[in-house]
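**Q** What follows is input12.pdb, made up of PDB, C-alpha atoms:
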```
ATOM      1  CA  MET I   1      59.180 114.011  38.442
ATOM      2  CA  THR I   2      58.454 112.632  34.977
ATOM      3  CA  MET I   3      61.536 111.809  32.991
ATOM      4  CA  PHE I   4      61.676 112.910  29.388
ATOM      5  CA  SER I   5      63.749 111.704  26.470
ATOM      6  CA  TRP I   6      64.382 113.382  23.122
ATOM      7  CA  THR I   7      66.240 112.080  20.127
ATOM      8  CA  THR I   8      69.674 110.534  20.655
ATOM      9  CA  LYS I   9      71.293 113.654  19.282
ATOM     10  CA  THR I  10      69.530 115.866  21.823
ATOM     11  CA  ALA I  11      69.993 113.507  24.751
ATOM     12  CA  LYS I  12      73.762 113.661  24.395
ATOM     13  CA  LEU I  13      73.971 117.415  24.782
ATOM     14  CA  THR I  14      76.661 119.104  26.813
ATOM     15  CA  ALA I  15      75.862 122.724  27.527
ATOM     16  CA  ALA I  16      77.991 125.863  27.181
ATOM     17  CA  PRO I  17      76.931 129.520  27.445
ATOM     18  CA  ALA I  18      77.739 132.582  25.410
ATOM     19  CA  ILE I  19      78.613 134.444  28.572
ATOM     20  CA  MET I  20      79.852 137.679  27.079
ATOM     21  CA  ALA I  21      77.041 137.922  24.527
ATOM     22  CA  LEU I  22      74.413 137.281  27.164
ATOM     23  CA  ALA I  23      75.915 139.817  29.537
ATOM     24  CA  ALA I  24      76.010 142.400  26.785
ATOM     25  CA  THR I  25      72.407 141.650  25.932
ATOM     26  CA  LEU I  26      71.472 142.116  29.582
ATOM     27  CA  ALA I  27      73.169 145.496  29.765
ATOM     28  CA  LEU I  28      71.723 146.619  26.448
ATOM     29  CA  THR I  29      68.096 145.672  26.886
ATOM     30  CA  GLY I  30      67.595 145.777  30.628
ATOM     31  CA  CYS I  31      66.468 142.163  30.336
ATOM     32  CA  GLY I  32      63.220 141.459  32.046
ATOM     33  CA  GLY I  33      62.549 145.186  32.399
ATOM     34  CA  SER I  34      59.675 147.101  30.889
ATOM     35  CA  GLY I  35      59.733 148.858  27.551
ATOM     36  CA  THR I  36      58.892 148.452  23.895
ATOM     37  CA  ALA I  37      61.338 146.333  21.941
ATOM     38  CA  THR I  38      62.249 146.604  18.278
ATOM     39  CA  ALA I  39      61.154 143.866  15.900
ATOM     40  CA  GLY I  40      64.142 142.388  14.171
ATOM     41  CA  SER I  41      63.131 139.956  11.474
ATOM     42  CA  GLU I  42      61.993 141.287   8.135
ATOM     43  CA  THR I  43      61.487 137.824   6.656
ATOM     44  CA  SER I  44      57.710 138.021   7.067
ATOM     45  CA  ALA I  45      57.409 141.461   5.439
ATOM     46  CA  ALA I  46      56.713 139.935   2.025
ATOM     47  CA  THR I  47      54.111 137.515   3.364
ATOM     48  CA  PRO I  48      50.687 138.709   2.193
ATOM     49  CA  ALA I  49      47.868 138.993   4.682
ATOM     50  CA  SER I  50      45.187 136.325   4.469
ATOM     51  CA  PRO I  51      41.654 137.782   4.249
ATOM     52  CA  GLU I  52      40.257 134.523   5.638
ATOM     53  CA  LEU I  53      42.502 134.672   8.702
ATOM     54  CA  GLN I  54      41.975 138.407   9.143
ATOM     55  CA  ALA I  55      38.228 137.843   9.249
ATOM     56  CA  MET I  56      38.685 135.642  12.332
ATOM     57  CA  LEU I  57      40.208 138.486  14.366
ATOM     58  CA  PRO I  58      38.185 140.490  16.879
ATOM     59  CA  ALA I  59      37.191 143.784  15.265
ATOM     60  CA  LYS I  60      39.090 145.857  17.835
ATOM     61  CA  ILE I  61      42.452 144.305  16.951
ATOM     62  CA  ARG I  62      41.734 144.107  13.218
ATOM     63  CA  ASP I  63      40.802 147.788  13.092
ATOM     64  CA  ALA I  64      43.776 148.849  15.220
ATOM     65  CA  GLY I  65      46.153 146.990  12.916
ATOM     66  CA  THR I  66      48.560 146.211  15.762
ATOM     67  CA  LEU I  67      49.252 143.067  17.785
ATOM     68  CA  ASN I  68      50.743 143.932  21.195
ATOM     69  CA  ILE I  69      53.036 141.093  22.244
ATOM     70  CA  ALA I  70      54.498 140.760  25.759
ATOM     71  CA  ILE I  71      57.960 139.197  25.832
ATOM     72  CA  SER I  72      60.659 138.836  28.484
ATOM     73  CA  LEU I  73      64.255 139.275  27.361
ATOM     74  CA  ALA I  74      66.626 137.636  27.085
ATOM     75  CA  TYR I  75      66.403 133.918  26.452
ATOM     76  CA  PRO I  76      68.321 132.830  23.352
ATOM     77  CA  PRO I  77      67.513 131.217  21.011
ATOM     78  CA  MET I  78      63.871 132.189  21.621
ATOM     79  CA  GLU I  79      64.086 135.996  22.091
ATOM     80  CA  TYR I  80      67.261 138.053  22.396
ATOM     81  CA  SER I  81      69.336 140.900  20.954
ATOM     82  CA  ASP I  82      72.939 140.781  19.821
ATOM     83  CA  ALA I  83      75.488 142.808  21.752
ATOM     84  CA  GLY I  84      75.367 146.431  20.668
ATOM     85  CA  SER I  85      72.001 146.112  18.949
ATOM     86  CA  THR I  86      68.366 146.676  19.895
ATOM     87  CA  GLU I  87      67.122 144.464  17.070
ATOM     88  CA  LEU I  88      65.113 141.528  18.347
ATOM     89  CA  LYS I  89      65.995 138.057  17.156
ATOM     90  CA  GLY I  90      64.947 134.516  17.976
ATOM     91  CA  ALA I  91      62.531 131.770  17.069
ATOM     92  CA  ASP I  92      59.640 133.381  18.957
ATOM     93  CA  ILE I  93      60.294 136.738  17.305
ATOM     94  CA  ASP I  94      60.398 135.288  13.791
ATOM     95  CA  LEU I  95      57.275 133.192  14.365
ATOM     96  CA  ALA I  96      55.416 136.200  15.796
ATOM     97  CA  ASN I  97      56.448 138.429  12.894
ATOM     98  CA  GLU I  98      55.241 135.830  10.405
ATOM     99  CA  LEU I  99      51.936 135.336  12.208
ATOM    100  CA  ALA I 100      51.303 139.073  12.437
ATOM    101  CA  ALA I 101      51.987 139.522   8.712
ATOM    102  CA  ARG I 102      49.471 136.820   7.796
ATOM    103  CA  LEU I 103      46.896 138.509  10.022
ATOM    104  CA  GLY I 104      47.602 141.913   8.460
ATOM    105  CA  LEU I 105      48.889 143.278  11.765
ATOM    106  CA  LYS I 106      52.004 145.121  12.896
ATOM    107  CA  PRO I 107      53.750 143.373  15.823
ATOM    108  CA  ASN I 108      54.504 145.595  18.814
ATOM    109  CA  PHE I 109      56.854 143.782  21.197
ATOM    110  CA  GLN I 110      56.732 144.905  24.830
ATOM    111  CA  ASN I 111      59.561 143.752  27.101
ATOM    112  CA  VAL I 112      58.290 143.145  30.661
ATOM    113  CA  ASP I 113      59.388 141.268  33.770
ATOM    114  CA  PHE I 114      58.623 137.572  33.469
ATOM    115  CA  ALA I 115      56.457 137.658  36.589
ATOM    116  CA  GLN I 116      54.288 140.362  34.977
ATOM    117  CA  LEU I 117      53.563 138.560  31.706
ATOM    118  CA  ILE I 118      50.114 137.266  32.678
ATOM    119  CA  VAL I 119      49.111 140.593  34.217
ATOM    120  CA  SER I 120      50.126 142.350  30.998
ATOM    121  CA  VAL I 121      47.424 140.445  29.158
ATOM    122  CA  THR I 122      44.720 140.317  31.831
ATOM    123  CA  THR I 123      44.926 144.107  32.248
ATOM    124  CA  GLY I 124      44.855 144.728  28.503
ATOM    125  CA  ARG I 125      48.321 146.235  28.184
ATOM    126  CA  ALA I 126      49.244 143.412  25.807
ATOM    127  CA  ASP I 127      47.124 141.219  23.552
ATOM    128  CA  ILE I 128      49.216 138.082  23.972
ATOM    129  CA  VAL I 129      52.243 136.583  25.712
ATOM    130  CA  TRP I 130      54.758 134.993  23.351
ATOM    131  CA  THR I 131      58.075 134.358  25.082
ATOM    132  CA  ALA I 132      59.064 130.758  25.886
ATOM    133  CA  PHE I 133      56.095 130.657  28.284
ATOM    134  CA  SER I 134      55.049 127.209  29.493
ATOM    135  CA  ASP I 135      51.429 126.137  29.110
ATOM    136  CA  LEU I 136      50.655 124.903  32.621
ATOM    137  CA  LYS I 137      47.295 123.880  34.110
ATOM    138  CA  LYS I 138      47.768 126.372  36.917
ATOM    139  CA  ARG I 139      48.119 129.192  34.357
ATOM    140  CA  GLN I 140      45.085 128.138  32.324
ATOM    141  CA  GLY I 141      42.795 129.685  34.925
ATOM    142  CA  GLN I 142      44.002 133.090  33.766
ATOM    143  CA  LEU I 143      44.974 132.572  30.125
ATOM    144  CA  ASP I 144      44.251 130.273  27.221
ATOM    145  CA  PHE I 145      47.307 128.872  25.457
ATOM    146  CA  VAL I 146      47.959 128.103  21.805
ATOM    147  CA  ASP I 147      50.676 125.457  22.095
ATOM    148  CA  TYR I 148      53.388 125.652  19.451
ATOM    149  CA  PHE I 149      56.694 124.358  20.880
ATOM    150  CA  ARG I 150      57.802 121.157  22.621
ATOM    151  CA  THR I 151      60.200 121.607  25.531
ATOM    152  CA  GLY I 152      61.704 119.957  28.590
ATOM    153  CA  ASN I 153      63.942 121.115  31.428
ATOM    154  CA  GLN I 154      67.530 120.229  32.326
ATOM    155  CA  PHE I 155      70.002 121.155  35.043
ATOM    156  CA  PHE I 156      73.485 122.275  34.041
ATOM    157  CA  ALA I 157      76.614 123.473  35.824
ATOM    158  CA  PRO I 158      80.133 124.810  35.167
ATOM    159  CA  VAL I 159      82.636 122.101  34.266
ATOM    160  CA  GLN I 160      84.650 122.793  37.404
ATOM    161  CA  ASN I 161      81.777 121.301  39.427
ATOM    162  CA  GLN I 162      81.689 118.042  37.492
ATOM    163  CA  LYS I 163      83.796 116.174  40.051
ATOM    164  CA  ASP I 164      81.387 116.937  42.902
ATOM    165  CA  ILE I 165      78.024 117.179  41.107
ATOM    166  CA  LYS I 166      77.372 114.153  38.921
ATOM    167  CA  THR I 167      73.726 113.350  39.602
ATOM    168  CA  LEU I 168      70.584 115.243  40.584
ATOM    169  CA  ALA I 169      70.998 113.954  44.138
ATOM    170  CA  ASP I 170      74.354 115.746  44.310
ATOM    171  CA  LEU I 171      72.471 119.057  44.128
ATOM    172  CA  CYS I 172      71.178 118.525  47.666
ATOM    173  CA  GLY I 173      72.618 121.124  50.015
ATOM    174  CA  ARG I 174      73.897 123.222  47.113
ATOM    175  CA  THR I 175      72.546 126.396  45.520
ATOM    176  CA  VAL I 176      70.671 126.321  42.226
ATOM    177  CA  THR I 177      69.929 129.610  40.462
ATOM    178  CA  VAL I 178      66.779 130.028  38.349
ATOM    179  CA  SER I 179      64.873 132.888  36.744
ATOM    180  CA  THR I 180      62.349 134.622  38.982
ATOM    181  CA  GLY I 181      58.705 133.800  38.287
ATOM    182  CA  THR I 182      59.389 130.847  36.001
ATOM    183  CA  SER I 183      58.125 127.294  36.387
ATOM    184  CA  TRP I 184      61.764 126.315  37.009
ATOM    185  CA  VAL I 185      61.454 127.624  40.570
ATOM    186  CA  GLN I 186      58.740 125.114  41.395
ATOM    187  CA  SER I 187      60.535 122.347  39.497
ATOM    188  CA  THR I 188      63.638 122.843  41.644
ATOM    189  CA  GLU I 189      61.536 122.936  44.821
ATOM    190  CA  GLU I 190      59.844 119.665  43.862
ATOM    191  CA  LEU I 191      63.168 117.979  43.074
ATOM    192  CA  SER I 192      64.525 119.100  46.438
ATOM    193  CA  LYS I 193      61.531 117.710  48.357
ATOM    194  CA  SER I 194      61.539 114.399  46.499
ATOM    195  CA  THR I 195      65.307 113.826  46.479
ATOM    196  CA  CYS I 196      66.926 115.544  49.450
ATOM    197  CA  ALA I 197      66.801 115.035  53.215
ATOM    198  CA  ALA I 198      64.793 117.618  55.161
ATOM    199  CA  ASP I 199      67.961 119.128  56.619
ATOM    200  CA  ASN I 200      69.825 119.141  53.305
ATOM    201  CA  GLN I 201      67.463 120.801  50.830
ATOM    202  CA  ILE I 202      68.505 122.551  47.636
ATOM    203  CA  LYS I 203      68.920 126.295  48.133
ATOM    204  CA  ILE I 204      67.227 128.335  45.412
ATOM    205  CA  LEU I 205      68.647 131.664  44.243
ATOM    206  CA  GLN I 206      66.184 133.559  42.039
ATOM    207  CA  VAL I 207      67.551 136.163  39.610
ATOM    208  CA  PRO I 208      65.887 138.054  36.731
ATOM    209  CA  THR I 209      67.704 136.608  33.710
ATOM    210  CA  GLN I 210      69.709 133.730  32.332
ATOM    211  CA  ALA I 211      72.746 135.994  32.012
ATOM    212  CA  GLU I 212      72.630 136.589  35.766
ATOM    213  CA  GLU I 213      72.270 132.869  36.417
ATOM    214  CA  ILE I 214      75.505 132.291  34.547
ATOM    215  CA  LEU I 215      77.193 135.117  36.454
ATOM    216  CA  GLN I 216      76.091 133.605  39.787
ATOM    217  CA  MET I 217      77.614 130.265  38.776
ATOM    218  CA  GLN I 218      80.812 131.907  37.553
ATOM    219  CA  GLN I 219      81.208 133.516  40.963
ATOM    220  CA  ASP I 220      80.250 130.275  42.747
ATOM    221  CA  ARG I 221      77.278 131.857  44.505
ATOM    222  CA  ALA I 222      75.352 129.048  42.808
ATOM    223  CA  GLN I 223      76.616 125.690  41.654
ATOM    224  CA  ALA I 224      73.983 124.807  39.043
ATOM    225  CA  SER I 225      70.969 126.131  37.141
ATOM    226  CA  LEU I 226      67.840 124.849  35.390
ATOM    227  CA  ILE I 227      66.621 125.955  31.947
ATOM    228  CA  GLY I 228      64.729 124.560  28.957
ATOM    229  CA  PHE I 229      66.427 122.212  26.518
ATOM    230  CA  GLU I 230      66.352 124.854  23.784
ATOM    231  CA  GLY I 231      68.508 127.104  25.973
ATOM    232  CA  ILE I 232      70.967 124.230  26.393
ATOM    233  CA  LEU I 233      71.097 123.843  22.604
ATOM    234  CA  ASP I 234      71.987 127.505  22.224
ATOM    235  CA  LEU I 235      74.578 127.434  25.005
ATOM    236  CA  GLN I 236      76.269 124.467  23.365
ATOM    237  CA  LYS I 237      76.294 126.213  20.023
ATOM    238  CA  GLN I 238      77.758 129.468  21.340
ATOM    239  CA  GLN I 239      80.609 128.226  23.534
ATOM    240  CA  PRO I 240      81.236 124.492  23.799
ATOM    241  CA  ASP I 241      82.786 122.667  26.723
ATOM    242  CA  LYS I 242      82.290 125.322  29.422
ATOM    243  CA  PHE I 243      79.235 123.750  31.068
ATOM    244  CA  TYR I 244      77.843 120.231  31.380
ATOM    245  CA  THR I 245      74.359 118.820  31.881
ATOM    246  CA  ILE I 246      73.177 116.980  34.992
ATOM    247  CA  GLY I 247      70.711 114.121  34.692
ATOM    248  CA  ASP I 248      68.128 113.618  31.967
ATOM    249  CA  LEU I 249      65.590 116.015  30.536
ATOM    250  CA  LEU I 250      62.693 116.515  32.939
ATOM    251  CA  GLU I 251      59.047 117.498  32.697
ATOM    252  CA  PRO I 252      57.900 117.281  29.090
ATOM    253  CA  GLY I 253      55.668 120.152  28.136
ATOM    254  CA  ASN I 254      54.818 122.845  25.644
ATOM    255  CA  TYR I 255      55.401 126.533  25.309
ATOM    256  CA  GLY I 256      52.190 128.354  24.504
ATOM    257  CA  ILE I 257      51.057 131.716  23.201
ATOM    258  CA  GLY I 258      49.049 133.157  26.092
ATOM    259  CA  VAL I 259      45.714 134.849  25.282
ATOM    260  CA  ALA I 260      43.096 136.356  27.612
ATOM    261  CA  LYS I 261      40.332 133.873  28.476
ATOM    262  CA  GLU I 262      37.644 136.080  26.936
ATOM    263  CA  SER I 263      39.595 136.608  23.686
ATOM    264  CA  THR I 264      38.450 133.404  22.016
ATOM    265  CA  GLU I 265      38.358 135.004  18.556
ATOM    266  CA  LEU I 266      41.978 136.061  18.830
ATOM    267  CA  ARG I 267      42.962 132.666  20.247
ATOM    268  CA  ASP I 268      41.303 130.812  17.368
ATOM    269  CA  ALA I 269      42.775 133.164  14.772
ATOM    270  CA  ILE I 270      46.250 132.525  16.174
ATOM    271  CA  GLN I 271      45.740 128.767  16.170
ATOM    272  CA  ALA I 272      44.476 128.797  12.569
ATOM    273  CA  THR I 273      47.385 130.971  11.437
ATOM    274  CA  MET I 274      49.951 128.773  13.172
ATOM    275  CA  GLU I 275      48.357 125.698  11.584
ATOM    276  CA  ALA I 276      48.639 127.351   8.166
ATOM    277  CA  MET I 277      52.298 128.100   8.852
ATOM    278  CA  ARG I 278      52.837 124.498   9.918
ATOM    279  CA  ALA I 279      51.060 123.115   6.853
ATOM    280  CA  ASP I 280      53.076 125.136   4.318
ATOM    281  CA  GLY I 281      56.429 124.480   6.019
ATOM    282  CA  THR I 282      57.110 128.021   7.289
ATOM    283  CA  TYR I 283      56.812 127.001  10.939
ATOM    284  CA  LEU I 284      59.381 124.225  10.603
ATOM    285  CA  ARG I 285      61.700 126.378   8.497
ATOM    286  CA  ILE I 286      61.847 129.051  11.202
ATOM    287  CA  LEU I 287      62.563 126.517  13.942
ATOM    288  CA  GLU I 288      65.275 124.885  11.826
ATOM    289  CA  GLN I 289      67.082 128.232  11.509
ATOM    290  CA  TYR I 290      67.716 128.047  15.263
ATOM    291  CA  GLY I 291      68.502 124.326  15.432
ATOM    292  CA  LEU I 292      65.113 123.605  17.006
ATOM    293  CA  ARG I 293      63.581 121.082  14.612
ATOM    294  CA  ASP I 294      63.085 118.591  17.460
ATOM    295  CA  ALA I 295      60.832 121.110  19.216
ATOM    296  CA  ALA I 296      58.235 121.189  16.420
ATOM    297  CA  LEU I 297      54.713 119.973  17.180
ATOM    298  CA  GLU I 298      52.747 117.852  14.738
ATOM    299  CA  LYS I 299      49.602 119.840  15.540
ATOM    300  CA  ILE I 300      48.974 123.292  16.996
ATOM    301  CA  THR I 301      46.776 122.705  20.052
ATOM    302  CA  ILE I 302      44.934 124.729  22.706
ATOM    303  CA  ASN I 303      45.465 124.274  26.449
ATOM    304  CA  ALA I 304      47.312 120.971  26.115
ATOM    305  CA  GLY I 305      49.628 121.760  29.034
ATOM    306  CA  LYS I 306      49.849 119.639  32.154
TER     307      LYS I 306
END
```
Can I see the file as structure tokens?

**A**
Amino acid sequence: MTMFSWTTKTAKLTAAPAIMALAATLALTGCGGSGTATAGSETSAATPASPELQAMLPAKIRDAGTLNIAISLAYPPMEYSDAGSTELKGADIDLANELAARLGLKPNFQNVDFAQLIVSVTTGRADIVWTAFSDLKKRQGQLDFVDYFRTGNQFFAPVQNQKDIKTLADLCGRTVTVSTGTSWVQSTEELSKSTCAADNQIKILQVPTQAEEILQMQQDRAQASLIGFEGILDLQKQQPDKFYTIGDLLEPGNYGIGVAKESTELRDAIQATMEAMRADGTYLRILEQYGLRDAALEKITINAGK
């Protein structure tokens, strides 16, 4: 597994979850379930549409005036709702709202199971996937990706396990919980094969959401979990000193906006719009609101995933 290093500030993270907020979000939204979600940010409402960017859109989407966006709740700080609210928040949500405004489109967020994200686009139910979705070579056979966010993965565990689980090798024979259908499942499988004896492999418990992962660890049905570094940042911010990180950041990569292979006009319009947002500082400003400056890319690329 490739090791990955961020800035000193990021590398020293200790993680801690907002357990109650996440659980409330899960109950409220039916995280990972189907349904249309409510756009939360109004910051892009005043952004005028760009005729030049609009002209790049396929006529079908431009004439419809709506951009159907598949997301999978909840994964703060990327896409989530506060307890007691259906209003969507997060870096992905704000970026998508801004992009839609510049394209003269109304964003329509559709909450679906993570494992159904690709199918949502390939069957035409959604125009794009935009939800902390890794651009991976194996996914590029089905979708094109407009890469916009730098990420890496990290294991974490409750502090009560710190005495027994200090290194990645200490995960052998224990249970790690990860979200169903994510690349984290394969990452954990690969770590187990490369690190653990054949008779002492890591046990993998797949659950629908991050909130459930935390619940499984609270109840000691799992001893650790694996998420992206941006999730660790949010956990640390919400409730310090409840969880700790294990090992270094792994597997550098990008999140990408997934577009159907045949929708090259839409793909290129999204890339051009994201580049315009990057050039005028809007892209970085939105990421900074969520403490994600280190995740910014210097250039918006297509299919740069590994």

**Q** Could you write out as a list of chain:residue names the residues that the PyMOL selection byres ((chain I and resi 206) around 6) matches in the shown file?

**A**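 Output from the PyMOL selection byres ((chain I and resi 206) around 6), applied to this file: I:Thr177, I:Val178, I:Ser179, I:Thr180, I:Leu205, I:Val207.
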
**Q** Would you export the selected residues with C-alpha atoms as a compact mmCIF listing (two decimals), keeping the file's coordinate frame, please?

**A**
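So the final result, stored in out_11.txt, reads:
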```
# COMPACT_ATOMS: atom_id res chain seq x y z
CA THR I 177 69.93 129.61 40.46
CA VAL I 178 66.78 130.03 38.35
CA SER I 179 64.87 132.89 36.74
CA THR I 180 62.35 134.62 38.98
CA LEU I 205 68.65 131.66 44.24
CA VAL I 207 67.55 136.16 39.61
```

**Q** Using all atoms listed in the file, pick whichever of I:Arg174, I:Lys237, I:Lys299, I:Lys166 has the shortest atom-to-atom distance to Pro77 in chain I.

**A**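 Of I:Arg174, I:Lys237, I:Lys299, I:Lys166, the one nearest Pro77 in chain I, counting all atoms listed in the file, is I:Lys237.
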
**Q** Specify as an MDAnalysis selection string each residue included when the PyMOL selection byres ((chain I and resi 265) around 8) is applied to this file.

**A** chainID I and resid 56:58 263:264 266:269

**Q** Would you mind exporting the chosen residues as a PDB file, keeping the file's coordinate frame, restricted to C-alpha atoms?

**A**
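This is the output file again_38.pdb:
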```pdb
ATOM      1  CA  MET I  56      38.685 135.642  12.332  1.00  0.00           C
ATOM      2  CA  LEU I  57      40.208 138.486  14.366  1.00  0.00           C
ATOM      3  CA  PRO I  58      38.185 140.490  16.879  1.00  0.00           C
ATOM      4  CA  SER I 263      39.595 136.608  23.686  1.00  0.00           C
ATOM      5  CA  THR I 264      38.450 133.404  22.016  1.00  0.00           C
ATOM      6  CA  LEU I 266      41.978 136.061  18.830  1.00  0.00           C
ATOM      7  CA  ARG I 267      42.962 132.666  20.247  1.00  0.00           C
ATOM      8  CA  ASP I 268      41.303 130.812  17.368  1.00  0.00           C
ATOM      9  CA  ALA I 269      42.775 133.164  14.772  1.00  0.00           C
TER      10      ALA I 269
END
```

**Q** Between I:Ala91, I:Ala224, I:Ile214, I:Ala74, single out the one closest to Asp170 in chain I, counting all atoms listed in the file.

**A** I:Ala224

**Q** Go through the shown structure with the PyMOL selection byres ((chain I and resi 202) around 9) and write out the matching residues as an MDAnalysis selection string.

**A** chainID I and resid 171:176 188:189 191:193 196 200:201 203:204

**Q** Take the residues just selected and output them with C-alpha atoms as a compact mmCIF listing (two decimals), in the frame of the given file.

**A**
```
# COMPACT_ATOMS: atom_id res chain seq x y z
CA LEU I 171 72.47 119.06 44.13
CA CYS I 172 71.18 118.52 47.67
CA GLY I 173 72.62 121.12 50.02
CA ARG I 174 73.90 123.22 47.11
CA THR I 175 72.55 126.40 45.52
CA VAL I 176 70.67 126.32 42.23
CA THR I 188 63.64 122.84 41.64
CA GLU I 189 61.54 122.94 44.82
CA LEU I 191 63.17 117.98 43.07
CA SER I 192 64.53 119.10 46.44
CA LYS I 193 61.53 117.71 48.36
CA CYS I 196 66.93 115.54 49.45
CA ASN I 200 69.82 119.14 53.30
CA GLN I 201 67.46 120.80 50.83
CA LYS I 203 68.92 126.30 48.13
CA ILE I 204 67.23 128.34 45.41
```

**Q** Would you kindly return, as a short mmCIF file (atom, residue, chain, number, x, y, z; two decimals) with C-alpha atoms, in the frame of the given file, each protein, DNA or RNA residue with an atom no farther than 7 Å from any atom of Thr66 in chain I, considering only C-alpha atoms and excluding same-chain residues fewer than 3 positions away?

**A**
```cif
data_model
loop_
_atom_site.label_atom_id
_atom_site.label_comp_id
_atom_site.auth_asym_id
_atom_site.auth_seq_id
_atom_site.Cartn_x
_atom_site.Cartn_y
_atom_site.Cartn_z
CA ILE I 61 42.45 144.30 16.95
CA LEU I 105 48.89 143.28 11.76
CA LYS I 106 52.00 145.12 12.90
CA PRO I 107 53.75 143.37 15.82
CA ASN I 108 54.50 145.60 18.81
#
```

**Q** Find the distance between CA of Gly256 in chain I and CA of Pro208 in chain I and write it in Å to one decimal.

**A**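 Separation of CA of Gly256 in chain I and CA of Pro208 in chain I: 20.8 Å.
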
**Q** Find the residue from I:Val185, I:Asp94, I:Thr123, I:Gly305 that sits nearest to Tyr290 in chain I; use all atoms listed in the file when measuring.

**A**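 Ranking I:Val185, I:Asp94, I:Thr123, I:Gly305 by distance to Tyr290 in chain I, first place goes to I:Asp94.
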